[in-house]
Amino acid sequence: MKRAALQACALACERGGRRLFEGVEFALHDGEALWLSGGNGSGKTSLLRLLAGLGLPAEGEVRWRGKPVRELREDYNRQLLYCGHAAGIKDDLTAWENVVAGAALSGRRIGREQAEAALALAGLDHVAVLPAHALSQGQRRRVALARLHLDPLPPLLLLDEPFTALDARAVQALSERIAAHLDGGGMAVYTTHQAHGLHPARLQRLDLDSLAAGVAHGAVPVLAADPVRDMPRWGLAEALP
Ligand SMILES: Nc1ncnc2c1ncn2[C@@H]1O[C@H](COP(=O)(O)OP(=O)(O)OP(=O)(O)O)[C@@H](O)[C@H]1O
């Protein structure tokens with residue numbers, strides 16, 4: 001059987017002296033997506049941060065192609081793009097400078113031209129030279145997500161509420177970009193409370209509420225025939241004008 005690219009092995013997480021979850025297990029292969037679900041405060045962001053190597057688990061470990069990520073460090077960092085919940089945008093930088101700075105955080109050097117091209121694909125070419133403090137919440141979010149339009153993408157996308165504050169067209173563009181990444185053998189782990197246009201053929205779901213209630217032990221495959229089970233039934237097509 002093919003070896004998993006990303007593996008969570010009996011992960012436990014504590015924040016503020018409280019155990020948020022334990023026994024988190026999943027194996028993600030090339031071309032697969034994992035949807036982290038759960039209510040506010042269930043630990044989705046905390047889990048994503050562990051997967052990004054931004055924190056240490058209380059127990060267990062994260063493995064990348066069979067090796068613990070704490071040993072791989074920078075090598076692992078180059079394999080992923082983490083887009084956090086908070087936009088992570090610096091107010092005094094322009095939109096394009098923020099894209100350059102965001103790429104640098106993932107160890108990538110890009111120039112203004114590349115940053116502006118990514119912004120154009122995110123539908124933001126008209127605000128590239130504006131300082132971030134002059135942008136709307138949705139535009140700031142799009143600036144943060146513009147890194148997803150840089151080629152080549154690293155294999156693993158870790159996306160915390162990527163659809164928040166985006167309008168229907170931006171949700172669609174982002175969904176298409178992620179879908180193309182998955183079709184090309186990439187992977188995505190994402191959290192969302194929202195309806196979106198992402199219907200990956202190979203999707204697993206890890207519900208942190210069920211885990212906390214002791215009714216689940218790890219990620220479960222979501223049937224391709226019903227990929228957005230338990231999501232609001234209205235679809236993106238209906239949301240678009
Ligand atoms: N730096 C921190 N120090 C202490 N506690 C924290 C810290 N960060 C998060 N927590 C706590 O950990 C719990 C889980 O937070 P987390 O952000 O992972 O939840 P979440 O599932 O992503 O929530 P949401 O859906 O609201 O974004 C919360 O109770 C939160 O208060």
# chains A, B, ... in the order shown; residues from 1 in each chain; ligands from 1
call {"tool": "residues_near_ligand", "arguments": {"ligand": "ligand 1", "cutoff": "6 Å", "atoms": "only C-alpha atoms and all ligand atoms", "output": "PyMOL selection string"}}
result
chain A and resi 15-16+39-46
call {"tool": "residues_around", "arguments": {"residues": "Ala122 (chain A)", "least_positions_apart": "4", "cutoff": "10 Å", "atoms": "only C-alpha atoms", "output": "ChimeraX atom specification"}}
result
/A:116-118,139,142-149,170,173-174
call {"tool": "atom_distance", "arguments": {"atom1": "CA of Leu203 (chain A)", "atom2": "CA of Arg49 (chain A)"}}
result
20.2 Å
call {"tool": "atom_distance", "arguments": {"atom1": "CA of Leu48 (chain A)", "atom2": "CA of Leu135 (chain A)"}}
result
26.8 Å
call {"tool": "select_by_dssp", "arguments": {"residues": "region 9-70 of chain A", "states": "strand (DSSP E)", "output": "MDAnalysis selection string"}}
result
chainID A and resid 9:15 18:28 33:37 59:64 67:68
call {"tool": "residues_around", "arguments": {"residues": "region 50-65 of chain A", "least_positions_apart": "2", "cutoff": "8 Å", "atoms": "only C-alpha atoms", "output": "PyMOL selection string"}}
result
chain A and resi 3-14+22+46-48+67-70+73+76-77+80+82+158
call {"tool": "closest_residue", "arguments": {"among": "A:Leu182, A:Leu150, A:Leu93, A:Ala168", "to": "Glu113 (chain A)", "atoms": "only C-alpha atoms"}}
result
A:Leu150
call {"tool": "residues_around", "arguments": {"residues": "Gly88 (chain A)", "least_positions_apart": "6", "cutoff": "12 Å", "atoms": "only C-alpha atoms", "output": "VMD selection string"}}
result
chain A and resid 82 95 98 to 99 101 to 103 105 132 137 140 to 145 160
call {"tool": "decode", "arguments": {"residues": "region 112-127 of chain A", "atoms": "N, CA and C atoms", "output": "PDB file, in the first residue's frame"}}
result
ATOM      1  N   ARG A 112       8.202  41.828  -7.141  1.00  0.00           N
ATOM      2  CA  ARG A 112       6.943  42.577  -7.233  1.00  0.00           C
ATOM      3  C   ARG A 112       6.051  42.062  -8.361  1.00  0.00           C
ATOM      4  N   GLU A 113       6.698  41.722  -9.501  1.00  0.00           N
ATOM      5  CA  GLU A 113       5.916  41.274 -10.648  1.00  0.00           C
ATOM      6  C   GLU A 113       5.112  40.013 -10.322  1.00  0.00           C
ATOM      7  N   GLN A 114       5.785  39.056  -9.669  1.00  0.00           N
ATOM      8  CA  GLN A 114       5.103  37.811  -9.303  1.00  0.00           C
ATOM      9  C   GLN A 114       3.983  38.071  -8.301  1.00  0.00           C
ATOM     10  N   ALA A 115       4.287  38.980  -7.347  1.00  0.00           N
ATOM     11  CA  ALA A 115       3.281  39.292  -6.323  1.00  0.00           C
ATOM     12  C   ALA A 115       2.061  39.929  -6.978  1.00  0.00           C
ATOM     13  N   GLU A 116       2.295  40.833  -7.915  1.00  0.00           N
ATOM     14  CA  GLU A 116       1.161  41.509  -8.563  1.00  0.00           C
ATOM     15  C   GLU A 116       0.367  40.541  -9.439  1.00  0.00           C
ATOM     16  N   ALA A 117       1.081  39.578 -10.057  1.00  0.00           N
ATOM     17  CA  ALA A 117       0.377  38.576 -10.872  1.00  0.00           C
ATOM     18  C   ALA A 117      -0.523  37.724  -9.981  1.00  0.00           C
ATOM     19  N   ALA A 118      -0.020  37.365  -8.794  1.00  0.00           N
ATOM     20  CA  ALA A 118      -0.826  36.557  -7.856  1.00  0.00           C
ATOM     21  C   ALA A 118      -2.041  37.353  -7.384  1.00  0.00           C
ATOM     22  N   LEU A 119      -1.828  38.645  -7.134  1.00  0.00           N
ATOM     23  CA  LEU A 119      -2.945  39.496  -6.704  1.00  0.00           C
ATOM     24  C   LEU A 119      -4.002  39.611  -7.804  1.00  0.00           C
ATOM     25  N   ALA A 120      -3.528  39.692  -9.051  1.00  0.00           N
ATOM     26  CA  ALA A 120      -4.471  39.785 -10.171  1.00  0.00           C
ATOM     27  C   ALA A 120      -5.327  38.527 -10.222  1.00  0.00           C
ATOM     28  N   LEU A 121      -4.696  37.357 -10.009  1.00  0.00           N
ATOM     29  CA  LEU A 121      -5.457  36.107 -10.033  1.00  0.00           C
ATOM     30  C   LEU A 121      -6.428  36.030  -8.853  1.00  0.00           C
ATOM     31  N   ALA A 122      -6.095  36.755  -7.780  1.00  0.00           N
ATOM     32  CA  ALA A 122      -7.001  36.798  -6.623  1.00  0.00           C
ATOM     33  C   ALA A 122      -8.037  37.917  -6.799  1.00  0.00           C
ATOM     34  N   GLY A 123      -8.026  38.573  -7.967  1.00  0.00           N
ATOM     35  CA  GLY A 123      -9.011  39.621  -8.260  1.00  0.00           C
ATOM     36  C   GLY A 123      -8.701  40.948  -7.599  1.00  0.00           C
ATOM     37  N   LEU A 124      -7.400  41.186  -7.333  1.00  0.00           N
ATOM     38  CA  LEU A 124      -7.033  42.382  -6.565  1.00  0.00           C
ATOM     39  C   LEU A 124      -6.031  43.286  -7.286  1.00  0.00           C
ATOM     40  N   ASP A 125      -5.957  43.197  -8.614  1.00  0.00           N
ATOM     41  CA  ASP A 125      -4.947  43.982  -9.319  1.00  0.00           C
ATOM     42  C   ASP A 125      -5.107  45.480  -9.088  1.00  0.00           C
ATOM     43  N   HIS A 126      -6.358  45.926  -8.865  1.00  0.00           N
ATOM     44  CA  HIS A 126      -6.620  47.357  -8.713  1.00  0.00           C
ATOM     45  C   HIS A 126      -6.184  47.905  -7.357  1.00  0.00           C
ATOM     46  N   VAL A 127      -5.850  47.038  -6.402  1.00  0.00           N
ATOM     47  CA  VAL A 127      -5.458  47.554  -5.081  1.00  0.00           C
ATOM     48  C   VAL A 127      -4.026  47.176  -4.711  1.00  0.00           C
TER      49      VAL A 127
END
